[in-house]
Structure formats: structure tokens, C-alpha cells
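One structure is given below, encoded as C-alpha cells.
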Amino acid sequence: MAIFLTENSRVIVQGMTGTEGRKHTARMLAAGTNVVGGVTPGRGGQTVEIGQTTLPVYDDVGKAMADTGADTSVVFVPPKFAKDAVIEAIDAQIGLAVVITEGIPVHDSAYFWAHAVAKGNRTRIIGPNCPGVISPGKSNAGIIPADITGAGKIGLV
């Protein structure tokens with residue numbers, strides 16, 4: 001039984017067009033994760049090809065969710081933009097936001113956590129500065145190497 005992430009989770013990657021976002025999107029896809037698109041402001045309407053997969057890029061999380069049915073976001077944006085990225089995900093009411101970015105100022109993290117609480121805790125936040133979430137053999141949202149895990153009774157956060 002998966003708690004945060006299942007084989008049916010529909011994942012978007014905020015910052016997918018950046019170096020780290022693109023690299024780890026490829027790893028998530030290789031692990032079987034259902035990555036359905038990415039978000040990079042100003043690049044909406046573009047696509048990104050990763051291996052044999054072509055993914056749409058959206059300008060904002062709300063549009064990505066509306067078009068893809070995404071329920072999970074993995075945040076790979078630079079620290080100075082991370083607070084706004086997480087707030088955008090919260091405002092769009094994504095179910096799970098996995099914030100990989102390190103170096104986010106503590107007051108920014110406290111702000112987006114408080115914002116989530118004020119919005120009714122509709123968005124679970126994992127992170128920031130975390131390796132992500134994996135349900136071995138099912139789905140991987142983050143930077144955890146899928147080949148170090150195996151299916152069983154334990155998930156990693």
C-alpha cells in the first residue's frame with residue numbers, strides 16, 4: 001500500500017526544462033513514474049523530449065493540472081524562485097508537492113508551509129531539500145535512485 005505516491009500518480013515537474021529537472025525527469029520516467037508534463041513560466045506550449053517520451057510544458061501549475069490531471073508536483077527550481085513555485089502549486093490545490101530544491105531560506109519555507117495551512121492543508125508538502133518520495137516498483141518523485149530500492153512493505157520519504 002502506497003501512502004503518498006502510487007503507480008496511478010500523475011506527476012508534473014516544476015523546472016523540468018532546467019538541467020537538474022530534465023536529468024531527474026529522465027530518471028523518474030525510467031523508474032516507471034507517470035510524468036505527464038512540466039511547468040516553466042514563459043515556456044508554455046513547448047515540449048521536451050526525454051528518451052522516447054515527449055512531454056508538454058506549461059506556464060503554470062493550474063493549467064498543467066487542468067490539461068493532464070496531475071496530482072503531484074516535483075519542484076526543481078532555483079532557491080530564489082522556489083517559494084513562488086510552491087505557492088503556485090498550493091494555490092492550484094495540487095495534492096502533493098515534493099520540494100527537492102536545497103538552499104531555500106527558512107523564512108520562505110515557513111511562509112509556503114503557513115500558506116498551505118491557511119488554504120486548508122489541501123497540499124501535502126515534502127521537503128524542501130529532500131530526495132523525494134518513492135514507492136518502489138510503482139513510482140518515484142524526486143532524486144532517489146530507483147535501483148537501490150525494491151518492492152515491499154516500505155516506502156521512502
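Just remember, in the C-alpha cells the first chain shown is A, the second B, etc., residues are 1-based per chain, and ligands are 1-based in the order shown.
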* To do: Go through chain A and collect every residue that DSSP, computed from the backbone, puts in alpha helix (DSSP H); the answer should be as number ranges by chain.
  => A: 19-30, 61-68, 79-91, 106-118
Taking only C-alpha atoms into account, produce a table as JSON lines in which each residue of range 71-95 of chain A with an atom at most 7 Å from an atom of range 8-21 of chain A appears once, together with its shortest atom pair and the distance in Å to one decimal, ordered by chain and rising number.
```
{"residue": "A:Asp71", "atom": "CA", "partner": "A:Arg10", "partner_atom": "CA", "distance": 5.5}
{"residue": "A:Thr72", "atom": "CA", "partner": "A:Val11", "partner_atom": "CA", "distance": 4.7}
{"residue": "A:Ser73", "atom": "CA", "partner": "A:Ile12", "partner_atom": "CA", "distance": 4.8}
{"residue": "A:Val74", "atom": "CA", "partner": "A:Val13", "partner_atom": "CA", "distance": 4.8}
{"residue": "A:Val75", "atom": "CA", "partner": "A:Gln14", "partner_atom": "CA", "distance": 4.8}
{"residue": "A:Phe76", "atom": "CA", "partner": "A:Gly15", "partner_atom": "CA", "distance": 5.0}
{"residue": "A:Val77", "atom": "CA", "partner": "A:Gly15", "partner_atom": "CA", "distance": 5.0}
```
* To do: Write out as a count of residues only the residues lying within 8 Å of Pro79 in chain A, counting only C-alpha atoms and excluding same-chain residues fewer than 2 positions away.
  => 9
* Of the listed residues A:Gln93, A:Ile100, A:Ala66, A:Ile144, that which approaches Asn129 in chain A most closely, counting only C-alpha atoms ->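 Closest residue, counting only C-alpha atoms: A:Ile100.
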* Picked from range 82-143 of chain A by DSSP as strand (DSSP E), as a ChimeraX atom specification -> /A:96-99,124-126,132-135,139-142
* To one decimal in Å, tell me the separation between CA of Gly51 in chain A and CA of Val36 in chain A. =>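 Value for the CA of Gly51 in chain A-CA of Val36 in chain A distance: 14.2 Å.
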* Any idea what the distance is between CA of Ile3 in chain A and CA of Gly38 in chain A? -> 23.2 Å
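Checking A:Thr6, A:Thr54, A:Ser109, A:Thr68 one by one against Ile126 in chain A, counting only C-alpha atoms, you find the shortest gap at A:Ser109.
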